[in-house]
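Undergrad: Pasting in a structure now, in structure tokens, and then I'll have a few things to ask.
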Amino acid sequence: MTLLDKLLQLLVAVAVFAAVMGAVLFVADRARGRRTDLVSGLAFTAPALLLLLVGLLYPAGRTAVQSFFDASSAGFVGLDNYVRIFTQPDLVVVLRNTLLWVVITPILSTAIGLVYAVLVDRTRFESFAKALVFLPMAISFVGAAIIWKFVYEYRPNQQNIQQVGLLNQVLVWLGLEPVNFILVEPWNNLLLIVVMIWIQAGFAMTVLSAAIKAIPSDIVEAARLDGVGSVRMFFSITLPSIRPAVVVVITAISIAVLKVFDIVRTMTGGQFGTSVVANEFYRQTFRLSDLGMGSALAMILFVLVVPIVVYNVRQMRKVDAR
Amino acid sequence: MTVVDNPPGTTAPGFADPPSRSAAAKKRLTSSWASLAALVIAVLWTIPTFGLFLTSFRPERDVQRTGWWTFFANPDLTLANYGEVLFGGSQPLSGFFVNSVLVTIPSVFIPIILATMAAYGFAWTRFPLRDTLFVAVFALQIVPLQVALLPLLEIFVGTGLNGTFWTVWIAHSIFALPLAIFLLHNSMRDIPAELVEAARVDGAGHVRIFTTIMVPLMKPAIAAFAVFQFLWVWNDLLVALVFAGGTLDVAPLTVRLANLAGNRGSNWYLLAPGAFIAIIVPLVVFLGLQRYFVRGLLAGSVKG
């Protein structure tokens with residue numbers, strides 16, 4: 001395709017979309033009399049509802065069904081795919097890794113974000129300091145993975161060969177042997193998790209910083225007059241006051257972590273015992289063409305996400321209600 | 001953590017000062033430790049990006065043989081890497097950059113228009129099953145997009161749209177709708193009913209109320225979602241791989257970079273500038289629209 005072809009495709013899309021929407025609004029506008037509301041209401045909502053039905057609801061249902069079928073979705077296999085996920089050794093490793101991600105990432109990102117938010121709160125350089133930690137949020141997971149791959153980069157320890165990765169150079173400066181970190185199972189999982197923490201800490205910091213600023217200042221002042229120190233202030237005033245926001249942050253990061261795919265794929269491709277459910281879903285579905293297993297993994301993801309989302313939405317309501 | 005109101009001379013720790021003085025001393029002590037801790041975090045968070053940024057400007061042979069920190073002993077910068085990665089070779093990055101732009105624009109505008117209209121329908125018109133349908137849309141937010149990818153791809157293959165921009169546009173638009181409708185519905189409900197009533201008395205129909213009252217008042221909410229959706233689409237890898245990964249014609253930057261990074265013996269002198277070309281656009285949006293950026297991000301934190 002030449003650039004011209006591509007632009008043409010864009011123009012056609014804009015024209016088609018504008019024509020459809022124009023027709024819909026025209027129909028909504030022509031409705032008169034007692035049925036005005038019915039016709040307009042349907043006209044306004046139907047395009048979105050139709051797309052959701054075809055593009056989300058039906059596919060989700062089909063995936064659920066396919067998860068009970070074999071690789072080519074021809075023969076019914078019952079719960080076989082699910083049994084394999086929980087018994088086949090390499091897939092059990094995938095589940096273990098996902099568990100590692102979900103336990104470690106939200107806790108550490110939130111802790112770091114919270115501590116940082118408290119530390120820079122009401123200092124002279126607050127907005128600049130916050131921007132530094134927040135910036136990784138704007139970077140794609142692919143970009144972040146590349147940035148960190150470079151940090152972990154390893155060169156064999158020979159004469160005349162220098163390390164180009166910062167982490168190994170630090171080891172060399174300390175007089176230690178360089179390590180090919182990415183290959184060290186199972187610790188390499190932690191290196192990948194670091195990338196996600198690096199990204200999500202900014203998110204945690206932003207939300208929690210807003211929550212901290214919303215604490216009534218008379219409470220803080222009263223505590224300060226009573227001679228409460230910084231550490232006690234944090235644990236007995238700050239933390240209890242922002243508890244709902246902390247829960248929202250932890251659950252939101254957990255949801256993002258469950259679906260993490262880009263980081264694993266870019267850094268290791270899921271090799272060396274670092275695959276997670278979302279990555280394994282992609283590999284099984286699109287690389288190995290095992291549609292049954294891919295669908296079952298997608299359903300596992302779905303089942304894991306649902307309770308966290310429900311809990312998150314409830315907490316969010318609580319935060320909003322304040 | 002200001003210590004302005006403390007008189008000088010209270011810094012000596014370890015003495016049995018009166019409570020207020022010892023508290024002040026303790027506070028100042030923790031304050032300097034606190035500054036140090038904040039500084040350490042800030043440096044740790046910045047160095048990896050800075051390292052790659054510096055690398056992207058170093059000559060090829062320096063990049064392959066030494067780390068970026070040696071730059072300070074041996075400064076030598078060039079733009080050649082950017083030139084080569086953007087325009088050199090058989091698959092120049094500039095083409096993928098254009099693809100990213102072409103993928104992103106409709107994928108942001110289509111769902112915004114669809115969702116604003118749907119939000120109006122759910123908020124200000126009355127039709128049977130309206131609330132049930134809205135709750136259903138709201139509930140769809142929990143569906144991770146992985147669950148929908150394969151069947152949607154099968155549908156696209158069936159229609160012969162596969163391998164064009166259309167599939168990516170439609171997929172991104174659909175996946176954005178539940179969150180967009182929910183957010184825009186919330187802020188549309190906040191618009192005072194008197195405004196709508198007044199317009200109705202003047203004889204305005206739904207379409208006129210929508211275009212002349214709602215859309216102008218909804219601008220901040222729309223902007224917040226637009227920024228969020230822009231970042232989501234620009235930075236997305238999964239949807240792009242599934243619906244556009246097969247054809248270089250349509251593949252955006254993220255797909256190309258992920259492939260470059262996957263090659264053995266990575267060419268860091270190309271990967272570093274490549275990554276920065278992909279990063280710079282969302283970074284500019286972030287710096288320019290920080291207010292909307294944060295709002296959109298918070299609102300979309302549970303998107304799947």
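Quick note on naming: the chains in the structure tokens go A, B, ... in the order shown, residues restart at 1 in each chain, and ligands are numbered from 1 in order of appearance.
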Can you list every residue of chain B that has an atom at most 7 Å from chain A, with its nearest atom pair and the distance in Å to one decimal, using only C-alpha atoms, ordered by chain then number, as a Markdown table?
TA:
| residue | atom | partner | partner_atom | distance |
| --- | --- | --- | --- | --- |
| B:Met1 | CA | A:Arg122 | CA | 6.9 |
| B:Ser20 | CA | A:Gly227 | CA | 6.5 |
| B:Ala23 | CA | A:Gly227 | CA | 6.2 |
| B:Lys27 | CA | A:Ser230 | CA | 6.5 |
| B:Ala34 | CA | A:Leu119 | CA | 5.9 |
| B:Ser35 | CA | A:Leu119 | CA | 6.9 |
| B:Ala38 | CA | A:Tyr116 | CA | 6.0 |
| B:Ala42 | CA | A:Val133 | CA | 6.3 |
| B:Trp45 | CA | A:Val133 | CA | 5.9 |
| B:Thr46 | CA | A:Leu132 | CA | 6.6 |
| B:Pro48 | CA | A:Ile147 | CA | 6.1 |
| B:Thr49 | CA | A:Ile147 | CA | 6.1 |
| B:Leu52 | CA | A:Ile147 | CA | 6.1 |
| B:Arg65 | CA | A:Gln162 | CA | 6.5 |
| B:Thr66 | CA | A:Val164 | CA | 5.2 |
| B:Gly67 | CA | A:Val164 | CA | 3.9 |
| B:Leu114 | CA | A:Ala48 | CA | 5.8 |
| B:Ala115 | CA | A:Ala48 | CA | 6.8 |
| B:Met117 | CA | A:Phe44 | CA | 5.2 |
| B:Ala118 | CA | A:Thr45 | CA | 4.2 |
| B:Gly121 | CA | A:Gly41 | CA | 4.8 |
| B:Thr125 | CA | A:Gly41 | CA | 5.2 |
| B:Arg126 | CA | A:Asp37 | CA | 5.6 |
| B:Phe127 | CA | A:Leu38 | CA | 4.9 |
| B:Ile142 | CA | A:Val306 | CA | 6.2 |
| B:Val143 | CA | A:Phe302 | CA | 6.5 |
| B:Pro144 | CA | A:Phe302 | CA | 6.1 |
| B:Gln146 | CA | A:Ala298 | CA | 5.7 |
| B:Val147 | CA | A:Ala298 | CA | 5.1 |
| B:Ala148 | CA | A:Pro59 | CA | 4.7 |
| B:Pro151 | CA | A:Pro59 | CA | 4.9 |
| B:Leu152 | CA | A:Pro59 | CA | 6.0 |
| B:Ile174 | CA | A:Leu52 | CA | 6.1 |
| B:Gly205 | CA | A:Asp29 | CA | 6.7 |
| B:His206 | CA | A:Ser40 | CA | 6.9 |
| B:Val207 | CA | A:Asp29 | CA | 5.7 |
| B:Asn235 | CA | A:Ser140 | CA | 4.6 |
| B:Leu237 | CA | A:Asp262 | CA | 6.4 |
| B:Asp249 | CA | A:Met1 | CA | 6.0 |
| B:Thr254 | CA | A:Val142 | CA | 6.4 |
| B:Ala258 | CA | A:Thr266 | CA | 5.3 |
| B:Ala261 | CA | A:Thr266 | CA | 6.4 |
| B:Gly262 | CA | A:Thr266 | CA | 6.3 |
| B:Ala275 | CA | A:Gly143 | CA | 5.6 |
| B:Ile279 | CA | A:Ile139 | CA | 5.7 |
| B:Pro282 | CA | A:Ala138 | CA | 5.8 |
| B:Leu283 | CA | A:Ala138 | CA | 6.0 |
| B:Phe286 | CA | A:Ala138 | CA | 6.7 |
| B:Ser301 | CA | A:Ala252 | CA | 5.8 |
| B:Val302 | CA | A:Ala252 | CA | 5.6 |
Undergrad: If you run DSSP on this backbone, which residues of range 88-272 of chain B come out as helix (DSSP H, G or I), and could you give them as number ranges by chain?
TA: B: 93-124, 130-142, 146-159, 165-189, 193-201, 206-217, 219-235, 238-244, 253-262, 268-272
Undergrad: With distances taken over only C-alpha atoms, which of A:Gly75, A:Pro178, A:Pro216, A:Pro89 is nearest to Ser241 in chain A?
TA: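 Among A:Gly75, A:Pro178, A:Pro216, A:Pro89, it is A:Pro216 that comes nearest to Ser241 in chain A.
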Undergrad: Just want the 7 Å neighbourhood of range 86-98 of chain B, counted on only C-alpha atoms, with same-chain residues fewer than 2 positions away dropped. Output as number ranges by chain.
TA: B: 82-84, 100-102, 251-253
Undergrad: Give me, please, the distance in Å between CA of Asn162 in chain B and CA of Thr104 in chain B, quoted to one decimal.
TA: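 For CA of Asn162 in chain B relative to CA of Thr104 in chain B, the distance reads 17.6 Å.
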